[in-house]
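**Student:** Quick one: this structure, given as structure tokens, is what I'll be asking you about.
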Amino acid sequence: MAGVTSDYDSAPERYRLGMAVTRRHSSESLYAEVAARLTVLGARRVLDVGCADGVLRSAVSPGPLVVGLDTAAALLRAHPPPVVRADAAHLPFPDASFDAVTALNVLYHLPEPGQAVREARRVLRAGGTLLASAIARDDSPELWPFWRRPATSFDAEDAPAVLGEAFGRVAVHRWDAPLLTLPDAAAVRDYLLGRQAPSDAAARAARAVRTPLPVTERGALLVASTDRT
Ligand SMILES: C[S@@+](CC[C@H](N)C(=O)[O-])C[C@H]1O[C@@H](n2cnc3c(N)ncnc32)[C@H](O)[C@@H]1O
């Protein structure tokens, strides 16, 4: 299956719009949870694959060294250093150079996410940990009458098996709850645009949906560690 088109260099504002809606109207933060897990792991060197403009870096700061890696120069420019412009499938780092690798809402852009997972494993030290997140195919059902996210190469349903090919044991932490409440028509439109819905579908939803609209978010955070020896 092809990865979802990456428009982050040509339309960084589309990503920022989606992030702003989520940040403003969500009751939970994936980034705060990942930051807390990195602290518990005692990770000192973290590679954030698909770092965008630094949402995870902000959540862990001050904390471990976070090296940002992304293909989109437009977003990387806003990420504090150190940053590297590179592809998740070919990490420009030696073996065993990080305590943790994060890949948050990124791997669905890759046609073969397994290759990026193997690369993450390669750059992890013995006992290092990969934290990857994925959205579920049945996410945001309240908006399906207007737009439904197409299946991707790395949905939450398949993600554990993809990580399982490279890591012995994968812990899966799922969410399935109305974690987001869209207060008005503009928020409905911006939420859909942020998810790469076509603008006509976003406009139709904004006109038709009754607000405030609780939205059921479904997805998973996967945590996989390499052997300690
Ligand atoms: C949905 S955004 C997620 C960004 C951030 N991790 C977050 O959780 O908000 C996907 C990010 O992955 C980046 N990306 C897409 N394909 C990539 C690839 N093959 N290698 C590295 N980064 C990639 C995009 O440029 C974008 O910044």
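FYI, nothing fancy with the structure tokens labels: chains A, B, ... in order, residues from 1 per chain, ligands from 1 as they appear.
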Within 6 Å of ligand 1 (counting only C-alpha atoms and all ligand atoms), which residues show up? I'd like them as a short mmCIF file (atom, residue, chain, number, x, y, z; two decimals) with N, CA and C atoms, in the first residue's frame.
**Tutor:**
data_model
loop_
_atom_site.label_atom_id
_atom_site.label_comp_id
_atom_site.auth_asym_id
_atom_site.auth_seq_id
_atom_site.Cartn_x
_atom_site.Cartn_y
_atom_site.Cartn_z
N SER A 6 2.80 13.15 1.48
CA SER A 6 3.41 14.06 2.44
C SER A 6 3.42 15.46 1.83
N TYR A 8 4.08 18.29 3.62
CA TYR A 8 4.56 19.16 4.71
C TYR A 8 5.50 20.26 4.23
N VAL A 49 11.89 10.78 14.84
CA VAL A 49 11.72 10.59 13.39
C VAL A 49 10.38 11.21 12.97
N GLY A 50 10.41 12.09 11.98
CA GLY A 50 9.20 12.80 11.58
C GLY A 50 8.86 13.84 12.63
N CYS A 51 9.87 14.60 13.02
CA CYS A 51 9.75 15.52 14.17
C CYS A 51 8.92 16.76 13.86
N ALA A 52 8.70 17.05 12.57
CA ALA A 52 8.01 18.28 12.15
C ALA A 52 8.70 19.51 12.76
N ASP A 70 13.50 14.80 9.80
CA ASP A 70 12.28 14.93 8.99
C ASP A 70 12.69 15.15 7.54
N THR A 71 11.76 14.88 6.63
CA THR A 71 12.03 15.16 5.22
C THR A 71 11.63 16.60 4.85
N ALA A 72 10.83 17.25 5.67
CA ALA A 72 10.27 18.56 5.30
C ALA A 72 11.12 19.71 5.83
N ASP A 87 15.43 10.69 5.39
CA ASP A 87 14.27 9.81 5.27
C ASP A 87 14.30 8.77 6.39
N ALA A 88 13.13 8.51 6.95
CA ALA A 88 13.03 7.51 8.03
C ALA A 88 13.52 6.13 7.60
N LEU A 104 6.12 9.45 15.82
CA LEU A 104 4.74 9.75 16.22
C LEU A 104 3.93 10.22 15.02
N ASN A 105 2.94 9.43 14.66
CA ASN A 105 2.05 9.75 13.52
C ASN A 105 2.85 10.01 12.24
N VAL A 106 3.80 9.17 11.99
CA VAL A 106 4.72 9.37 10.86
C VAL A 106 4.71 8.18 9.90
N HIS A 109 3.13 7.48 6.41
CA HIS A 109 3.56 8.14 5.18
C HIS A 109 4.49 7.25 4.35
N LEU A 110 4.97 6.17 4.95
CA LEU A 110 5.94 5.34 4.24
C LEU A 110 5.25 4.18 3.54
#
**Student:** Would you please give, as a PDB file with C-alpha atoms, in the first residue's frame, all residues of segment 25-217 of chain A that DSSP assigns to helix (DSSP H, G or I) based on the backbone?
**Tutor:**
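Dumped everything to out_30.pdb:
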ATOM      1  CA  HIS A  25      -9.630  21.144  22.034  1.00  0.00           C
ATOM      2  CA  LEU A  30       0.195  12.179  23.203  1.00  0.00           C
ATOM      3  CA  TYR A  31       3.378  14.228  23.449  1.00  0.00           C
ATOM      4  CA  ALA A  32       3.102  14.681  27.227  1.00  0.00           C
ATOM      5  CA  GLU A  33       2.609  10.919  27.553  1.00  0.00           C
ATOM      6  CA  VAL A  34       5.629  10.121  25.382  1.00  0.00           C
ATOM      7  CA  ALA A  35       7.721  12.701  27.263  1.00  0.00           C
ATOM      8  CA  ALA A  36       6.760  11.040  30.565  1.00  0.00           C
ATOM      9  CA  ARG A  37       7.694   7.609  29.205  1.00  0.00           C
ATOM     10  CA  LEU A  38      11.078   8.892  28.009  1.00  0.00           C
ATOM     11  CA  THR A  39      11.719  10.195  31.518  1.00  0.00           C
ATOM     12  CA  VAL A  40      10.814   6.835  33.077  1.00  0.00           C
ATOM     13  CA  LEU A  41      13.093   5.088  30.562  1.00  0.00           C
ATOM     14  CA  VAL A  55       6.053  19.297  19.090  1.00  0.00           C
ATOM     15  CA  LEU A  56       7.743  16.452  20.986  1.00  0.00           C
ATOM     16  CA  ARG A  57      10.890  18.509  21.598  1.00  0.00           C
ATOM     17  CA  SER A  58       8.709  21.146  23.312  1.00  0.00           C
ATOM     18  CA  ALA A  59       7.019  18.515  25.471  1.00  0.00           C
ATOM     19  CA  VAL A  60      10.306  17.038  26.779  1.00  0.00           C
ATOM     20  CA  ALA A  73      12.700  21.494   5.340  1.00  0.00           C
ATOM     21  CA  ALA A  74       9.830  23.953   5.894  1.00  0.00           C
ATOM     22  CA  LEU A  75       9.021  22.382   9.271  1.00  0.00           C
ATOM     23  CA  LEU A  76      12.592  21.499  10.274  1.00  0.00           C
ATOM     24  CA  LEU A 107       5.048   5.809   9.619  1.00  0.00           C
ATOM     25  CA  TYR A 108       1.763   5.897   7.660  1.00  0.00           C
ATOM     26  CA  HIS A 109       3.564   8.145   5.180  1.00  0.00           C
ATOM     27  CA  PRO A 113       6.986   1.226   7.261  1.00  0.00           C
ATOM     28  CA  GLY A 114       8.801  -1.997   8.184  1.00  0.00           C
ATOM     29  CA  GLN A 115      11.985  -0.615   6.659  1.00  0.00           C
ATOM     30  CA  ALA A 116      11.850   2.453   8.929  1.00  0.00           C
ATOM     31  CA  VAL A 117      11.157   0.210  11.933  1.00  0.00           C
ATOM     32  CA  ARG A 118      14.251  -1.884  11.117  1.00  0.00           C
ATOM     33  CA  GLU A 119      16.281   1.315  10.796  1.00  0.00           C
ATOM     34  CA  ALA A 120      15.005   2.505  14.184  1.00  0.00           C
ATOM     35  CA  ARG A 121      16.045  -0.816  15.705  1.00  0.00           C
ATOM     36  CA  ARG A 122      19.502  -0.557  14.131  1.00  0.00           C
ATOM     37  CA  VAL A 123      20.233   2.873  15.637  1.00  0.00           C
ATOM     38  CA  PRO A 141     -16.606   8.113  13.421  1.00  0.00           C
ATOM     39  CA  GLU A 142     -18.783  11.188  14.072  1.00  0.00           C
ATOM     40  CA  LEU A 143     -17.376  12.734  10.882  1.00  0.00           C
ATOM     41  CA  ALA A 159       1.070  -1.507  13.557  1.00  0.00           C
ATOM     42  CA  PRO A 160       1.811  -4.098  16.298  1.00  0.00           C
ATOM     43  CA  ALA A 161       2.556  -6.745  13.650  1.00  0.00           C
ATOM     44  CA  VAL A 162       4.837  -4.349  11.738  1.00  0.00           C
ATOM     45  CA  LEU A 163       6.868  -3.618  14.883  1.00  0.00           C
ATOM     46  CA  GLY A 164       6.724  -7.275  15.889  1.00  0.00           C
ATOM     47  CA  ALA A 185     -18.094  25.099  12.748  1.00  0.00           C
ATOM     48  CA  ALA A 186     -14.639  26.602  12.184  1.00  0.00           C
ATOM     49  CA  ALA A 187     -13.054  23.993  14.454  1.00  0.00           C
ATOM     50  CA  VAL A 188     -14.865  21.189  12.570  1.00  0.00           C
ATOM     51  CA  ARG A 189     -13.554  22.550   9.254  1.00  0.00           C
ATOM     52  CA  ASP A 190     -10.004  23.024  10.528  1.00  0.00           C
ATOM     53  CA  TYR A 191      -9.904  19.585  12.160  1.00  0.00           C
ATOM     54  CA  LEU A 192     -10.808  17.939   8.856  1.00  0.00           C
ATOM     55  CA  LEU A 193      -8.421  20.095   6.820  1.00  0.00           C
ATOM     56  CA  GLY A 194      -5.668  19.233   9.293  1.00  0.00           C
ATOM     57  CA  SER A 199     -11.776  21.272   1.413  1.00  0.00           C
ATOM     58  CA  ASP A 200     -15.311  20.665   0.033  1.00  0.00           C
ATOM     59  CA  ALA A 201     -15.862  17.828   2.536  1.00  0.00           C
ATOM     60  CA  ALA A 202     -14.540  20.008   5.360  1.00  0.00           C
ATOM     61  CA  ALA A 203     -16.858  22.855   4.337  1.00  0.00           C
ATOM     62  CA  ARG A 204     -19.896  20.534   4.125  1.00  0.00           C
ATOM     63  CA  ALA A 205     -19.175  19.102   7.575  1.00  0.00           C
ATOM     64  CA  ALA A 206     -18.743  22.577   9.037  1.00  0.00           C
ATOM     65  CA  ARG A 207     -22.185  23.575   7.717  1.00  0.00           C
ATOM     66  CA  ALA A 208     -24.008  20.402   8.749  1.00  0.00           C
TER      67      ALA A 208
END
**Student:** Would you list the contacts of Glu28 of chain A as a compact mmCIF listing (two decimals) with C-alpha atoms, in the first residue's frame, taking every protein, DNA or RNA residue within 12 Å and counting only C-alpha atoms, but skipping same-chain residues closer than 4 positions in sequence?
**Tutor:**
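That gives us around37.txt:
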# COMPACT_ATOMS: atom_id res chain seq x y z
CA THR A 22 -5.96 19.28 18.46
CA ARG A 23 -3.93 21.19 21.04
CA ARG A 24 -6.76 23.63 21.78
CA ALA A 32 3.10 14.68 27.23
CA GLU A 33 2.61 10.92 27.55
CA VAL A 34 5.63 10.12 25.38
CA TRP A 175 -7.04 4.92 23.12
CA ASP A 176 -10.72 4.88 22.18
CA ALA A 177 -12.64 7.75 23.77
CA PRO A 178 -14.18 11.18 23.04
CA LEU A 179 -10.87 12.93 23.70
CA LEU A 180 -11.64 15.94 21.53
CA THR A 181 -14.62 18.34 21.53
CA GLU A 217 -10.33 9.39 18.85
**Student:** From a backbone DSSP assignment, name each residue in segment 1-223 of chain A labelled strand (DSSP E or B), as number ranges by chain.
**Tutor:** A: 26, 45-49, 65-70, 83-85, 98-104, 124-135, 170-182, 213-223
**Student:** Would you please work out which residue, of A:Arg169, A:Arg16, A:Arg44, A:Arg195, is nearest to Ala78 of chain A when using only C-alpha atoms?
**Tutor:** A:Arg16
**Student:** May I ask which of the residues A:Ala197, A:Val170, A:Met19, A:Ala43 is the closest one to Ala220 of chain A, counting only C-alpha atoms?
**Tutor:**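 Among the listed residues, A:Val170 lies closest to Ala220 of chain A.
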**Student:** Tell me which of A:Pro62, A:Gly127, A:Phe93, A:Val21 sits closest to Gly168 of chain A, counting only C-alpha atoms.
**Tutor:** A:Gly127
**Student:** Could you jot down the atom CA of Thr102 of chain A to atom CA of Thr152 of chain A separation for me, Å, one decimal place?
**Tutor:** 19.2 Å
**Student:** Find the distance between atom CA of Asp227 of chain A and atom CA of Phe167 of chain A and write it in Å to one decimal.
**Tutor:**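 Taking atom CA of Asp227 of chain A and atom CA of Phe167 of chain A, their separation equals 8.6 Å.
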**Student:** Using only C-alpha atoms, which residues sit within 10 Å of Asp7 of chain A once same-chain residues fewer than 5 positions away are excluded, as a ChimeraX atom specification?
**Tutor:** /A:12-15,72,196
**Student:** Hey, can you spit out that residue selection with N, CA, C and O atoms as a short mmCIF file (atom, residue, chain, number, x, y, z; two decimals), in the first residue's frame?
**Tutor:**
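Final file, selection_26.cif:
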data_model
loop_
_atom_site.label_atom_id
_atom_site.label_comp_id
_atom_site.auth_asym_id
_atom_site.auth_seq_id
_atom_site.Cartn_x
_atom_site.Cartn_y
_atom_site.Cartn_z
N PRO A 12 3.07 23.56 4.93
CA PRO A 12 3.31 23.38 6.38
C PRO A 12 2.17 23.94 7.22
O PRO A 12 1.91 23.45 8.32
N GLU A 13 1.44 24.92 6.67
CA GLU A 13 0.34 25.51 7.44
C GLU A 13 -0.81 24.53 7.64
O GLU A 13 -1.57 24.64 8.60
N ARG A 14 -0.96 23.59 6.71
CA ARG A 14 -2.01 22.57 6.86
C ARG A 14 -1.72 21.73 8.11
O ARG A 14 -2.59 21.49 8.94
N TYR A 15 -0.48 21.31 8.27
CA TYR A 15 -0.08 20.56 9.48
C TYR A 15 -0.29 21.42 10.73
O TYR A 15 -0.86 20.96 11.73
N ALA A 72 10.83 17.25 5.67
CA ALA A 72 10.27 18.56 5.30
C ALA A 72 11.12 19.71 5.83
O ALA A 72 11.09 20.03 7.03
N GLN A 196 -6.08 16.24 6.29
CA GLN A 196 -5.94 16.09 4.84
C GLN A 196 -7.25 15.70 4.15
O GLN A 196 -7.25 15.09 3.08
#
**Student:** In Å, rounded to a single decimal, give me how far atom CA of Val101 of chain A is from atom CA of Ser140 of chain A.
**Tutor:**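 For atom CA of Ser140 of chain A relative to atom CA of Val101 of chain A, the distance reads 27.6 Å.
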**Student:** Please identify all polymer residues within 6 Å of Val46 of chain A, counting only C-alpha atoms, omitting same-chain residues fewer than 3 positions from it, and present them as a PyMOL selection string.
**Tutor:** chain A and resi 66+98+100-101
**Student:** Nearest to Ser27 of chain A among A:Leu47, A:Ala134, A:Val215, A:Ala224, with distances taken over only C-alpha atoms: which residue is it?
**Tutor:**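 Among A:Leu47, A:Ala134, A:Val215, A:Ala224, it is A:Val215 that comes nearest to Ser27 of chain A.
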**Student:** Give the answer as one residue: which of A:Gly54, A:Pro82, A:Pro111, A:Gly128 has the shortest atom-to-atom distance to Val67 of chain A, using only C-alpha atoms?
**Tutor:**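 With only C-alpha atoms as the atom set, the closest residue is A:Pro82.
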**Student:** With distances taken over only C-alpha atoms, which residue among A:Pro198, A:Gly219, A:Pro80, A:Gly3 lies nearest Ala132 of chain A?
**Tutor:**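 Of all the options, A:Gly219 lies closest to Ala132 of chain A.
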